[in-house]
Amino acid sequence: KYTENVYSDTVPGVLRAYAESGEYGVIWAHSSYSDEVEALKDEFPDIIFVTVGAGNRPLGGNSYLIYMHIHEPAYLAGVYAGMTSKSHVLGAVGLFPSDDVNDVINGFRAGAKSVNPDAKLKVTFIESWYDPAKASEAANAQIAAGADIILQLGESFQVCEEKKILCIGQYIDASTIAPSAIPLSVMVNWEPQIHYIIDQWKSHQEGGQPYAAPMEPVWFGLAQGGGDISGYGEFDAKVPAEVKAAVNKARDDIKSGALKVELDTSLPKSE
C-alpha cells in the first residue's frame with residue numbers, strides 16, 4: 001500500500017498510521033523525511049523505516065538511508081554524447097543541486113571528456129523537482145548556446161523534438177515519451193536496494209537481533225545492478241559501431257573494476 005503527495009504537516013500522521021496498523025514490517029518513506037522518522041522509529045523497533053536520497057540523515061537503528069547513485073550509467077551516456085555531438089557542446093538540465101543530481105551531471109561530463117577532451121558542458125539547475133516549463137526554458141537556452149545533446153533530468157523533451165536535437169532521458173526509458181529525440185536514457189533499478197532491505201527484515205525476524213542500520217547511505221552501483229543505460233531504441237541502426245563499442249567497453253570495465261568512475265557530488269558548473 002502507498003500514499004502519494006505527502007508533504008509538511010501531513011507526514012507524521014501518515015507514517016504513524018502505517019506503523020500503528022501493525023500490518024507492515026517495512027515503511028518506505030520516499031522523500032526528505034528524516035526528522036519525522038527520527039521522532040517515530042524508536043516507538044516501533046520491529047519496523048524498518050527507509051528514507052531515500054538527498055536531504056536525509058543516517059539515523060541508524062531501524063532507520064536505513066537508501067541512495068540511488070547512477071553516475072556510472074551517466075558516464076556511459078557521456079561516452080555516447082562525447083562521440084556523437086557535432087558541436088562538441090553538451091547540455092545538462094538539472095533539478096535542485098543535490099548529491100544525487102550533481103553526481104549524475106559530473107559523471108556525464110567525465111564520460112564525455114574521456115572520449116572527447118574538447119567537449120564543453122552547459123549546466124542549468126531549474127531549482128525544482130518537477131517543472132517541465134522551466135526545464136524547457138533551460139534546454140532552449142542551452143540549444144541557443146550551441147548544445148546539440150542534452151542530458152534532460154527535467155523530463156521535458158518537447159524542445160528536443162521541435163529543435164531536432166537529442167535529449168538523454170533520466171531514471172526511466174524516456175524513448176517511450178519522445179522516441180524521435182531520445183537515443184538512450186540513464187536508468188535506475190531499485191531491486192538491489194529493495195532486496196537489501198528485505199534481507200535485513202528477514203534476518204531480524206529469524207534471529208531477533210535489533211536492527212543496526214549503517215550510519216551511511218546504502219547504494220548499489222552498475223556492477224551490482226543498481227542502474228544502467230537503456231538500449232538505443234529507434235536510433236539503434238544509426239549509432240556508429242565504434243560508439244557502441246566504446247560504450248560497451250566502458251560498461252564492461254566498470255563491471256570488472258578496471259574503470260572507476262569517481263562519485264563526484266560537487267556542484268557542477270558550466271564551461
# chains A, B, ... in the order shown; residues from 1 in each chain; ligands from 1
>>> residues_around(residues="Glu38 of chain A", least_positions_apart="5", cutoff="12 Å", atoms="only C-alpha atoms", output="list in words")
Pro12, Leu15, Arg16, Ala29, Ser32, Tyr33, Glu43, Phe44, Pro45, Ile48, Phe49, Val50, Thr51, Asn56, Arg57, Pro58, Leu59, Gly60, Gly61, Asn62, Ser63, Tyr64 and Leu65 of chain A
>>> write_last_selection(atoms="N, CA, C and O atoms", output="PDB file, in the first residue's frame")
ATOM      1  N   PRO A  12       3.895  13.195   9.592  1.00  0.00           N
ATOM      2  CA  PRO A  12       3.871  12.378  10.809  1.00  0.00           C
ATOM      3  C   PRO A  12       2.617  11.523  10.927  1.00  0.00           C
ATOM      4  O   PRO A  12       2.693  10.351  11.345  1.00  0.00           O
ATOM      5  N   LEU A  15       2.834   8.437   8.453  1.00  0.00           N
ATOM      6  CA  LEU A  15       3.789   7.442   8.919  1.00  0.00           C
ATOM      7  C   LEU A  15       3.286   6.705  10.151  1.00  0.00           C
ATOM      8  O   LEU A  15       3.395   5.478  10.269  1.00  0.00           O
ATOM      9  N   ARG A  16       2.697   7.438  11.096  1.00  0.00           N
ATOM     10  CA  ARG A  16       2.190   6.816  12.322  1.00  0.00           C
ATOM     11  C   ARG A  16       1.030   5.865  12.023  1.00  0.00           C
ATOM     12  O   ARG A  16       0.923   4.787  12.622  1.00  0.00           O
ATOM     13  N   ALA A  29       9.819   5.551   3.301  1.00  0.00           N
ATOM     14  CA  ALA A  29       9.486   6.977   3.342  1.00  0.00           C
ATOM     15  C   ALA A  29      10.289   7.694   2.261  1.00  0.00           C
ATOM     16  O   ALA A  29      11.410   8.153   2.492  1.00  0.00           O
ATOM     17  N   SER A  32      12.341  13.530   1.824  1.00  0.00           N
ATOM     18  CA  SER A  32      13.227  14.024   2.892  1.00  0.00           C
ATOM     19  C   SER A  32      12.481  13.993   4.226  1.00  0.00           C
ATOM     20  O   SER A  32      12.044  15.020   4.737  1.00  0.00           O
ATOM     21  N   TYR A  33      12.355  12.784   4.773  1.00  0.00           N
ATOM     22  CA  TYR A  33      11.524  12.567   5.957  1.00  0.00           C
ATOM     23  C   TYR A  33      12.329  12.164   7.187  1.00  0.00           C
ATOM     24  O   TYR A  33      11.785  11.569   8.116  1.00  0.00           O
ATOM     25  N   GLU A  43       9.653   4.071  18.745  1.00  0.00           N
ATOM     26  CA  GLU A  43       8.397   3.516  19.254  1.00  0.00           C
ATOM     27  C   GLU A  43       8.066   2.183  18.604  1.00  0.00           C
ATOM     28  O   GLU A  43       7.286   1.396  19.147  1.00  0.00           O
ATOM     29  N   PHE A  44       8.659   1.936  17.439  1.00  0.00           N
ATOM     30  CA  PHE A  44       8.327   0.747  16.650  1.00  0.00           C
ATOM     31  C   PHE A  44       9.613   0.047  16.221  1.00  0.00           C
ATOM     32  O   PHE A  44       9.964   0.019  15.035  1.00  0.00           O
ATOM     33  N   PRO A  45      10.352  -0.547  17.170  1.00  0.00           N
ATOM     34  CA  PRO A  45      11.679  -1.101  16.861  1.00  0.00           C
ATOM     35  C   PRO A  45      11.659  -2.304  15.931  1.00  0.00           C
ATOM     36  O   PRO A  45      12.710  -2.679  15.395  1.00  0.00           O
ATOM     37  N   ILE A  48      11.201  -1.588   9.960  1.00  0.00           N
ATOM     38  CA  ILE A  48      12.254  -0.856   9.252  1.00  0.00           C
ATOM     39  C   ILE A  48      11.640   0.388   8.634  1.00  0.00           C
ATOM     40  O   ILE A  48      10.645   0.309   7.903  1.00  0.00           O
ATOM     41  N   PHE A  49      12.241   1.531   8.911  1.00  0.00           N
ATOM     42  CA  PHE A  49      11.876   2.778   8.252  1.00  0.00           C
ATOM     43  C   PHE A  49      12.984   3.113   7.253  1.00  0.00           C
ATOM     44  O   PHE A  49      14.160   3.171   7.617  1.00  0.00           O
ATOM     45  N   VAL A  50      12.608   3.331   6.004  1.00  0.00           N
ATOM     46  CA  VAL A  50      13.576   3.634   4.953  1.00  0.00           C
ATOM     47  C   VAL A  50      13.389   5.078   4.503  1.00  0.00           C
ATOM     48  O   VAL A  50      12.271   5.474   4.140  1.00  0.00           O
ATOM     49  N   THR A  51      14.447   5.856   4.556  1.00  0.00           N
ATOM     50  CA  THR A  51      14.424   7.174   3.917  1.00  0.00           C
ATOM     51  C   THR A  51      15.290   7.098   2.662  1.00  0.00           C
ATOM     52  O   THR A  51      16.199   6.273   2.565  1.00  0.00           O
ATOM     53  N   ASN A  56      18.220  13.727   3.497  1.00  0.00           N
ATOM     54  CA  ASN A  56      18.032  12.868   4.651  1.00  0.00           C
ATOM     55  C   ASN A  56      19.337  12.669   5.408  1.00  0.00           C
ATOM     56  O   ASN A  56      20.420  12.829   4.864  1.00  0.00           O
ATOM     57  N   ARG A  57      19.189  12.260   6.685  1.00  0.00           N
ATOM     58  CA  ARG A  57      20.344  11.973   7.533  1.00  0.00           C
ATOM     59  C   ARG A  57      20.324  10.494   7.909  1.00  0.00           C
ATOM     60  O   ARG A  57      19.254   9.940   8.139  1.00  0.00           O
ATOM     61  N   PRO A  58      21.504   9.862   8.016  1.00  0.00           N
ATOM     62  CA  PRO A  58      21.523   8.497   8.546  1.00  0.00           C
ATOM     63  C   PRO A  58      21.170   8.527  10.028  1.00  0.00           C
ATOM     64  O   PRO A  58      21.713   9.321  10.796  1.00  0.00           O
ATOM     65  N   LEU A  59      20.262   7.651  10.440  1.00  0.00           N
ATOM     66  CA  LEU A  59      19.766   7.640  11.810  1.00  0.00           C
ATOM     67  C   LEU A  59      20.143   6.377  12.564  1.00  0.00           C
ATOM     68  O   LEU A  59      20.040   6.324  13.789  1.00  0.00           O
ATOM     69  N   GLY A  60      20.571   5.336  11.841  1.00  0.00           N
ATOM     70  CA  GLY A  60      20.948   4.086  12.487  1.00  0.00           C
ATOM     71  C   GLY A  60      19.751   3.329  13.030  1.00  0.00           C
ATOM     72  O   GLY A  60      18.594   3.674  12.767  1.00  0.00           O
ATOM     73  N   GLY A  61      20.038   2.300  13.799  1.00  0.00           N
ATOM     74  CA  GLY A  61      18.968   1.500  14.389  1.00  0.00           C
ATOM     75  C   GLY A  61      18.084   0.881  13.336  1.00  0.00           C
ATOM     76  O   GLY A  61      18.560   0.185  12.433  1.00  0.00           O
ATOM     77  N   ASN A  62      16.796   1.156  13.407  1.00  0.00           N
ATOM     78  CA  ASN A  62      15.851   0.586  12.445  1.00  0.00           C
ATOM     79  C   ASN A  62      15.490   1.568  11.333  1.00  0.00           C
ATOM     80  O   ASN A  62      14.461   1.415  10.676  1.00  0.00           O
ATOM     81  N   SER A  63      16.361   2.559  11.098  1.00  0.00           N
ATOM     82  CA  SER A  63      16.144   3.505  10.009  1.00  0.00           C
ATOM     83  C   SER A  63      17.309   3.420   9.029  1.00  0.00           C
ATOM     84  O   SER A  63      18.457   3.693   9.380  1.00  0.00           O
ATOM     85  N   TYR A  64      17.005   3.029   7.801  1.00  0.00           N
ATOM     86  CA  TYR A  64      18.017   2.848   6.764  1.00  0.00           C
ATOM     87  C   TYR A  64      17.909   3.983   5.749  1.00  0.00           C
ATOM     88  O   TYR A  64      16.810   4.318   5.300  1.00  0.00           O
ATOM     89  N   LEU A  65      19.069   4.543   5.385  1.00  0.00           N
ATOM     90  CA  LEU A  65      19.124   5.585   4.363  1.00  0.00           C
ATOM     91  C   LEU A  65      19.581   4.961   3.051  1.00  0.00           C
ATOM     92  O   LEU A  65      20.700   4.450   2.944  1.00  0.00           O
TER      93      LEU A  65
END
>>> closest_atom_pairs(of="segment 62-143 of chain A", to="segment 208-231 of chain A", cutoff="8 Å", atoms="only C-alpha atoms", output="JSON lines")
{"residue": "A:Asn62", "atom": "CA", "partner": "A:Tyr211", "partner_atom": "CA", "distance": 5.0}
{"residue": "A:Ser63", "atom": "CA", "partner": "A:Ala213", "partner_atom": "CA", "distance": 6.2}
{"residue": "A:Tyr64", "atom": "CA", "partner": "A:Ala213", "partner_atom": "CA", "distance": 5.5}
{"residue": "A:Leu65", "atom": "CA", "partner": "A:Pro217", "partner_atom": "CA", "distance": 5.0}
{"residue": "A:Ile66", "atom": "CA", "partner": "A:Val218", "partner_atom": "CA", "distance": 4.9}
{"residue": "A:Tyr67", "atom": "CA", "partner": "A:Trp219", "partner_atom": "CA", "distance": 5.1}
{"residue": "A:Met68", "atom": "CA", "partner": "A:Trp219", "partner_atom": "CA", "distance": 5.9}
{"residue": "A:His69", "atom": "CA", "partner": "A:Trp219", "partner_atom": "CA", "distance": 6.8}
{"residue": "A:Ile70", "atom": "CA", "partner": "A:Gly227", "partner_atom": "CA", "distance": 6.1}
{"residue": "A:Glu72", "atom": "CA", "partner": "A:Leu222", "partner_atom": "CA", "distance": 6.4}
{"residue": "A:Pro73", "atom": "CA", "partner": "A:Asp228", "partner_atom": "CA", "distance": 4.9}
{"residue": "A:Ala74", "atom": "CA", "partner": "A:Ile229", "partner_atom": "CA", "distance": 7.7}
{"residue": "A:Leu76", "atom": "CA", "partner": "A:Ile229", "partner_atom": "CA", "distance": 7.3}
{"residue": "A:Ala77", "atom": "CA", "partner": "A:Ile229", "partner_atom": "CA", "distance": 7.1}
>>> select_by_dssp(residues="segment 107-207 of chain A", states="strand (DSSP E or B)", output="list in words")
Lys120, Leu121, Lys122, Val123, Thr124, Phe125, Ile149, Ile150, Leu151, Gln152, Leu166, Cys167, Ile168, Gly169, Gln170, Tyr171, Ser185, Val186, Met187 and Val188 of chain A
>>> residues_around(residues="Cys160 of chain A", least_positions_apart="3", cutoff="12 Å", atoms="only C-alpha atoms", output="number ranges by chain")
A: 91, 135-143, 147-152, 155-157, 163-169, 177-183
>>> write_last_selection(atoms="N, CA and C atoms", output="mmCIF file, in the first residue's frame")
data_model
loop_
_atom_site.group_PDB
_atom_site.id
_atom_site.type_symbol
_atom_site.label_atom_id
_atom_site.label_comp_id
_atom_site.auth_asym_id
_atom_site.auth_seq_id
_atom_site.Cartn_x
_atom_site.Cartn_y
_atom_site.Cartn_z
ATOM 1 N N GLY A 91 24.647 19.747 -23.092
ATOM 2 C CA GLY A 91 23.872 20.422 -22.056
ATOM 3 C C GLY A 91 23.469 19.443 -20.966
ATOM 4 N N ALA A 135 12.221 23.432 -17.268
ATOM 5 C CA ALA A 135 13.163 22.532 -17.932
ATOM 6 C C ALA A 135 13.249 22.835 -19.422
ATOM 7 N N SER A 136 12.127 23.142 -20.030
ATOM 8 C CA SER A 136 12.116 23.504 -21.456
ATOM 9 C C SER A 136 12.848 24.816 -21.695
ATOM 10 N N GLU A 137 12.617 25.774 -20.817
ATOM 11 C CA GLU A 137 13.293 27.069 -20.939
ATOM 12 C C GLU A 137 14.804 26.904 -20.840
ATOM 13 N N ALA A 138 15.243 26.064 -19.881
ATOM 14 C CA ALA A 138 16.678 25.829 -19.714
ATOM 15 C C ALA A 138 17.260 25.136 -20.940
ATOM 16 N N ALA A 139 16.545 24.147 -21.476
ATOM 17 C CA ALA A 139 17.025 23.445 -22.662
ATOM 18 C C ALA A 139 17.129 24.389 -23.852
ATOM 19 N N ASN A 140 16.155 25.267 -24.025
ATOM 20 C CA ASN A 140 16.191 26.240 -25.124
ATOM 21 C C ASN A 140 17.427 27.120 -25.037
ATOM 22 N N ALA A 141 17.744 27.558 -23.819
ATOM 23 C CA ALA A 141 18.916 28.420 -23.630
ATOM 24 C C ALA A 141 20.197 27.670 -23.961
ATOM 25 N N GLN A 142 20.263 26.409 -23.606
ATOM 26 C CA GLN A 142 21.457 25.628 -23.903
ATOM 27 C C GLN A 142 21.589 25.360 -25.400
ATOM 28 N N ILE A 143 20.461 25.127 -26.049
ATOM 29 C CA ILE A 143 20.490 24.949 -27.505
ATOM 30 C C ILE A 143 20.990 26.230 -28.183
ATOM 31 N N ALA A 147 24.434 23.734 -27.724
ATOM 32 C CA ALA A 147 24.310 22.333 -27.325
ATOM 33 C C ALA A 147 23.472 21.560 -28.338
ATOM 34 N N ASP A 148 23.970 20.384 -28.738
ATOM 35 C CA ASP A 148 23.186 19.552 -29.646
ATOM 36 C C ASP A 148 22.783 18.222 -29.009
ATOM 37 N N ILE A 149 23.243 17.944 -27.784
ATOM 38 C CA ILE A 149 22.794 16.791 -27.000
ATOM 39 C C ILE A 149 22.629 17.266 -25.552
ATOM 40 N N ILE A 150 21.483 16.994 -24.971
ATOM 41 C CA ILE A 150 21.184 17.494 -23.627
ATOM 42 C C ILE A 150 20.789 16.339 -22.713
ATOM 43 N N LEU A 151 21.474 16.248 -21.591
ATOM 44 C CA LEU A 151 21.058 15.342 -20.516
ATOM 45 C C LEU A 151 19.906 16.028 -19.787
ATOM 46 N N GLN A 152 18.703 15.507 -19.983
ATOM 47 C CA GLN A 152 17.499 16.207 -19.515
ATOM 48 C C GLN A 152 16.942 15.505 -18.278
ATOM 49 N N GLU A 155 12.630 15.973 -17.422
ATOM 50 C CA GLU A 155 11.506 15.267 -18.046
ATOM 51 C C GLU A 155 10.726 16.141 -19.026
ATOM 52 N N SER A 156 11.428 16.991 -19.748
ATOM 53 C CA SER A 156 10.789 17.837 -20.756
ATOM 54 C C SER A 156 11.529 17.633 -22.068
ATOM 55 N N PHE A 157 10.879 16.962 -23.005
ATOM 56 C CA PHE A 157 11.552 16.566 -24.237
ATOM 57 C C PHE A 157 10.964 17.217 -25.487
ATOM 58 N N LYS A 163 13.303 21.215 -31.886
ATOM 59 C CA LYS A 163 14.564 21.750 -32.398
ATOM 60 C C LYS A 163 15.406 20.688 -33.106
ATOM 61 N N LYS A 164 14.897 19.456 -33.086
ATOM 62 C CA LYS A 164 15.565 18.341 -33.761
ATOM 63 C C LYS A 164 16.992 18.125 -33.246
ATOM 64 N N ILE A 165 17.106 18.141 -31.939
ATOM 65 C CA ILE A 165 18.364 17.755 -31.310
ATOM 66 C C ILE A 165 18.076 16.532 -30.432
ATOM 67 N N LEU A 166 19.107 16.017 -29.785
ATOM 68 C CA LEU A 166 18.946 14.810 -28.988
ATOM 69 C C LEU A 166 18.887 15.139 -27.497
ATOM 70 N N CYS A 167 18.012 14.450 -26.809
ATOM 71 C CA CYS A 167 17.937 14.525 -25.349
ATOM 72 C C CYS A 167 18.214 13.139 -24.783
ATOM 73 N N ILE A 168 18.904 13.083 -23.664
ATOM 74 C CA ILE A 168 19.134 11.827 -22.946
ATOM 75 C C ILE A 168 18.209 11.803 -21.742
ATOM 76 N N GLY A 169 17.439 10.727 -21.609
ATOM 77 C CA GLY A 169 16.464 10.622 -20.535
ATOM 78 C C GLY A 169 17.107 10.222 -19.217
ATOM 79 N N ILE A 177 8.462 8.235 -24.461
ATOM 80 C CA ILE A 177 7.819 9.552 -24.453
ATOM 81 C C ILE A 177 8.122 10.306 -25.746
ATOM 82 N N ALA A 178 9.384 10.279 -26.152
ATOM 83 C CA ALA A 178 9.802 11.030 -27.345
ATOM 84 C C ALA A 178 10.798 10.197 -28.137
ATOM 85 N N PRO A 179 10.332 9.150 -28.815
ATOM 86 C CA PRO A 179 11.252 8.224 -29.489
ATOM 87 C C PRO A 179 12.118 8.859 -30.557
ATOM 88 N N SER A 180 11.649 9.954 -31.161
ATOM 89 C CA SER A 180 12.436 10.573 -32.232
ATOM 90 C C SER A 180 13.542 11.472 -31.715
ATOM 91 N N ALA A 181 13.555 11.729 -30.410
ATOM 92 C CA ALA A 181 14.528 12.664 -29.854
ATOM 93 C C ALA A 181 15.446 12.034 -28.817
ATOM 94 N N ILE A 182 15.139 10.830 -28.349
ATOM 95 C CA ILE A 182 15.880 10.240 -27.232
ATOM 96 C C ILE A 182 16.575 8.962 -27.689
ATOM 97 N N PRO A 183 17.897 9.020 -27.853
ATOM 98 C CA PRO A 183 18.627 7.841 -28.299
ATOM 99 C C PRO A 183 18.900 6.837 -27.180
#
>>> closest_residue(among="A:Val89, A:Tyr130, A:Gly257, A:Val11", to="Arg109 of chain A", atoms="only C-alpha atoms")
A:Val89
>>> atom_distance(atom1="atom CA of Val115 of chain A", atom2="atom CA of Phe235 of chain A")
20.3 Å
>>> closest_residue(among="A:Tyr80, A:Asn5, A:Gly55, A:Gly22", to="Ala241 of chain A", atoms="only C-alpha atoms")
A:Tyr80
>>> select_by_dssp(residues="segment 26-148 of chain A", states="helix (DSSP H, G or I)", output="MDAnalysis selection string")
chainID A and resid 34:43 71:84 99:115 132:144
>>> write_last_selection(atoms="N, CA and C atoms", output="compact mmCIF listing (two decimals), in the first residue's frame")
# COMPACT_ATOMS: atom_id res chain seq x y z
N SER A 34 13.63 12.46 7.23
CA SER A 34 14.45 12.01 8.35
C SER A 34 13.93 12.51 9.69
N ASP A 35 13.53 13.76 9.77
CA ASP A 35 13.06 14.30 11.05
C ASP A 35 11.83 13.56 11.54
N GLU A 36 10.90 13.29 10.63
CA GLU A 36 9.66 12.62 11.02
C GLU A 36 9.92 11.16 11.41
N VAL A 37 10.82 10.50 10.68
CA VAL A 37 11.16 9.13 11.01
C VAL A 37 11.89 9.07 12.35
N GLU A 38 12.80 10.00 12.58
CA GLU A 38 13.55 10.02 13.84
C GLU A 38 12.62 10.13 15.04
N ALA A 39 11.56 10.91 14.89
CA ALA A 39 10.62 11.11 16.00
C ALA A 39 9.76 9.88 16.26
N LEU A 40 9.74 8.93 15.32
CA LEU A 40 8.81 7.82 15.39
C LEU A 40 9.47 6.45 15.55
N LYS A 41 10.66 6.29 15.02
CA LYS A 41 11.22 4.96 14.83
C LYS A 41 11.41 4.18 16.13
N ASP A 42 11.80 4.84 17.20
CA ASP A 42 12.08 4.10 18.44
C ASP A 42 10.81 3.54 19.09
N GLU A 43 9.65 4.07 18.74
CA GLU A 43 8.40 3.52 19.25
C GLU A 43 8.07 2.18 18.60
N HIS A 71 25.83 7.66 -11.30
CA HIS A 71 26.89 8.38 -12.01
C HIS A 71 27.59 7.48 -13.02
N GLU A 72 27.59 6.17 -12.78
CA GLU A 72 28.26 5.26 -13.72
C GLU A 72 27.46 5.12 -15.02
N PRO A 73 26.14 4.86 -14.97
CA PRO A 73 25.39 4.89 -16.22
C PRO A 73 25.46 6.26 -16.91
N ALA A 74 25.48 7.34 -16.11
CA ALA A 74 25.60 8.67 -16.71
C ALA A 74 26.93 8.82 -17.45
N TYR A 75 27.97 8.21 -16.90
CA TYR A 75 29.27 8.22 -17.57
C TYR A 75 29.15 7.56 -18.95
N LEU A 76 28.44 6.43 -19.03
CA LEU A 76 28.25 5.75 -20.31
C LEU A 76 27.49 6.64 -21.29
N ALA A 77 26.46 7.33 -20.78
CA ALA A 77 25.73 8.27 -21.64
C ALA A 77 26.65 9.38 -22.12
N GLY A 78 27.58 9.79 -21.26
CA GLY A 78 28.54 10.81 -21.65
C GLY A 78 29.47 10.33 -22.74
N VAL A 79 29.89 9.06 -22.68
CA VAL A 79 30.72 8.49 -23.75
C VAL A 79 29.96 8.58 -25.07
N TYR A 80 28.69 8.17 -25.04
CA TYR A 80 27.88 8.27 -26.25
C TYR A 80 27.81 9.72 -26.74
N ALA A 81 27.50 10.64 -25.85
CA ALA A 81 27.31 12.04 -26.23
C ALA A 81 28.62 12.65 -26.73
N GLY A 82 29.72 12.35 -26.04
CA GLY A 82 31.00 12.92 -26.44
C GLY A 82 31.43 12.49 -27.83
N MET A 83 31.08 11.27 -28.22
CA MET A 83 31.47 10.77 -29.54
C MET A 83 30.47 11.15 -30.62
N THR A 84 29.26 11.53 -30.23
CA THR A 84 28.19 11.77 -31.19
C THR A 84 27.97 13.24 -31.49
N ASP A 99 23.27 15.93 -3.89
CA ASP A 99 24.23 14.85 -4.11
C ASP A 99 23.83 13.93 -5.25
N ASP A 100 22.55 13.55 -5.28
CA ASP A 100 22.12 12.56 -6.26
C ASP A 100 21.62 13.20 -7.56
N VAL A 101 21.90 14.47 -7.75
CA VAL A 101 21.75 15.15 -9.05
C VAL A 101 23.13 15.54 -9.56
N ASN A 102 23.93 16.12 -8.67
CA ASN A 102 25.28 16.54 -9.05
C ASN A 102 26.11 15.37 -9.56
N ASP A 103 25.99 14.22 -8.90
CA ASP A 103 26.81 13.08 -9.29
C ASP A 103 26.51 12.62 -10.72
N VAL A 104 25.23 12.71 -11.11
CA VAL A 104 24.85 12.31 -12.46
C VAL A 104 25.46 13.25 -13.50
N ILE A 105 25.36 14.55 -13.25
CA ILE A 105 25.89 15.53 -14.20
C ILE A 105 27.41 15.42 -14.29
N ASN A 106 28.07 15.28 -13.14
CA ASN A 106 29.53 15.14 -13.15
C ASN A 106 29.97 13.86 -13.83
N GLY A 107 29.22 12.77 -13.63
CA GLY A 107 29.54 11.53 -14.31
C GLY A 107 29.38 11.64 -15.81
N PHE A 108 28.32 12.32 -16.23
CA PHE A 108 28.08 12.56 -17.67
C PHE A 108 29.23 13.36 -18.27
N ARG A 109 29.65 14.41 -17.59
CA ARG A 109 30.77 15.22 -18.09
C ARG A 109 32.05 14.37 -18.21
N ALA A 110 32.33 13.57 -17.18
CA ALA A 110 33.55 12.76 -17.18
C ALA A 110 33.54 11.77 -18.34
N GLY A 111 32.38 11.15 -18.60
CA GLY A 111 32.30 10.22 -19.72
C GLY A 111 32.53 10.89 -21.05
N ALA A 112 31.93 12.07 -21.22
CA ALA A 112 32.10 12.80 -22.48
C ALA A 112 33.55 13.19 -22.71
N LYS A 113 34.21 13.68 -21.67
CA LYS A 113 35.58 14.14 -21.82
C LYS A 113 36.57 12.99 -21.97
N SER A 114 36.16 11.79 -21.53
CA SER A 114 37.05 10.63 -21.68
C SER A 114 37.26 10.27 -23.15
N VAL A 115 36.31 10.63 -23.99
CA VAL A 115 36.42 10.32 -25.43
C VAL A 115 36.51 11.57 -26.29
N PRO A 132 8.25 21.12 -15.90
CA PRO A 132 8.55 20.97 -17.33
C PRO A 132 8.77 22.30 -18.05
N ALA A 133 8.03 23.33 -17.64
CA ALA A 133 8.19 24.63 -18.30
C ALA A 133 9.60 25.18 -18.08
N LYS A 134 10.08 25.13 -16.84
CA LYS A 134 11.42 25.61 -16.55
C LYS A 134 12.47 24.74 -17.24
N ALA A 135 12.22 23.43 -17.27
CA ALA A 135 13.16 22.53 -17.93
C ALA A 135 13.25 22.84 -19.42
N SER A 136 12.13 23.14 -20.03
CA SER A 136 12.12 23.50 -21.46
C SER A 136 12.85 24.82 -21.69
N GLU A 137 12.62 25.77 -20.82
CA GLU A 137 13.29 27.07 -20.94
C GLU A 137 14.80 26.90 -20.84
N ALA A 138 15.24 26.06 -19.88
CA ALA A 138 16.68 25.83 -19.71
C ALA A 138 17.26 25.14 -20.94
N ALA A 139 16.55 24.15 -21.48
CA ALA A 139 17.03 23.45 -22.66
C ALA A 139 17.13 24.39 -23.85
N ASN A 140 16.15 25.27 -24.02
CA ASN A 140 16.19 26.24 -25.12
C ASN A 140 17.43 27.12 -25.04
N ALA A 141 17.74 27.56 -23.82
CA ALA A 141 18.92 28.42 -23.63
C ALA A 141 20.20 27.67 -23.96
N GLN A 142 20.26 26.41 -23.61
CA GLN A 142 21.46 25.63 -23.90
C GLN A 142 21.59 25.36 -25.40
N ILE A 143 20.46 25.13 -26.05
CA ILE A 143 20.49 24.95 -27.50
C ILE A 143 20.99 26.23 -28.18
N ALA A 144 20.53 27.37 -27.68
CA ALA A 144 20.98 28.65 -28.23
C ALA A 144 22.48 28.84 -28.03
>>> closest_residue(among="A:Leu184, A:Ala92, A:Ala119, A:Asp253", to="Glu234 of chain A", atoms="only C-alpha atoms")
A:Leu184
>>> residues_around(residues="Tyr171 of chain A", least_positions_apart="4", cutoff="8 Å", atoms="only C-alpha atoms", output="list in words")
Ser185, Val186, Met187 and Val188 of chain A
>>> atom_distance(atom1="atom CA of His204 of chain A", atom2="atom CA of Thr3 of chain A")
25.9 Å
>>> residues_around(residues="Ile197 of chain A", least_positions_apart="3", cutoff="9 Å", atoms="only C-alpha atoms", output="ChimeraX atom specification")
/A:26,48,50,64,192-194,200-202
>>> atom_distance(atom1="atom CA of Glu191 of chain A", atom2="atom CA of Trp28 of chain A")
13.8 Å
>>> residues_around(residues="Lys1 of chain A", least_positions_apart="3", cutoff="10 Å", atoms="only C-alpha atoms", output="ChimeraX atom specification")
/A:18,24,27
>>> write_last_selection(atoms="C-alpha atoms", output="compact mmCIF listing (two decimals), in the first residue's frame")
# COMPACT_ATOMS: atom_id res chain seq x y z
CA TYR A 18 1.12 2.82 8.85
CA TYR A 24 3.89 -3.56 7.82
CA ILE A 27 7.76 1.55 5.77
>>> decode(residues="segment 197-221 of chain A", atoms="C-alpha atoms", output="PDB file, in the first residue's frame")
ATOM      1  CA  ILE A 197      16.042  -4.095   2.941  1.00  0.00           C
ATOM      2  CA  ILE A 198      14.010  -7.304   2.732  1.00  0.00           C
ATOM      3  CA  ASP A 199      17.107  -9.290   3.741  1.00  0.00           C
ATOM      4  CA  GLN A 200      17.561  -7.020   6.782  1.00  0.00           C
ATOM      5  CA  TRP A 201      13.923  -7.579   7.750  1.00  0.00           C
ATOM      6  CA  LYS A 202      14.207 -11.350   7.265  1.00  0.00           C
ATOM      7  CA  SER A 203      17.362 -11.586   9.394  1.00  0.00           C
ATOM      8  CA  HIS A 204      15.633  -9.644  12.160  1.00  0.00           C
ATOM      9  CA  GLN A 205      12.595 -11.906  12.026  1.00  0.00           C
ATOM     10  CA  GLU A 206      14.664 -15.058  12.158  1.00  0.00           C
ATOM     11  CA  GLY A 207      17.329 -14.004  14.658  1.00  0.00           C
ATOM     12  CA  GLY A 208      15.560 -11.446  16.795  1.00  0.00           C
ATOM     13  CA  GLN A 209      18.576  -9.145  16.936  1.00  0.00           C
ATOM     14  CA  PRO A 210      17.876  -5.391  16.968  1.00  0.00           C
ATOM     15  CA  TYR A 211      18.261  -3.607  13.666  1.00  0.00           C
ATOM     16  CA  ALA A 212      21.641  -1.927  13.231  1.00  0.00           C
ATOM     17  CA  ALA A 213      21.434   0.241  10.126  1.00  0.00           C
ATOM     18  CA  PRO A 214      24.768   1.674   8.966  1.00  0.00           C
ATOM     19  CA  MET A 215      25.408   5.335   9.666  1.00  0.00           C
ATOM     20  CA  GLU A 216      25.972   5.989   5.986  1.00  0.00           C
ATOM     21  CA  PRO A 217      23.872   5.723   2.839  1.00  0.00           C
ATOM     22  CA  VAL A 218      23.358   2.304   1.279  1.00  0.00           C
ATOM     23  CA  TRP A 219      23.558   2.191  -2.521  1.00  0.00           C
ATOM     24  CA  PHE A 220      24.476  -0.218  -5.294  1.00  0.00           C
ATOM     25  CA  GLY A 221      26.422   0.601  -8.432  1.00  0.00           C
TER      26      GLY A 221
END
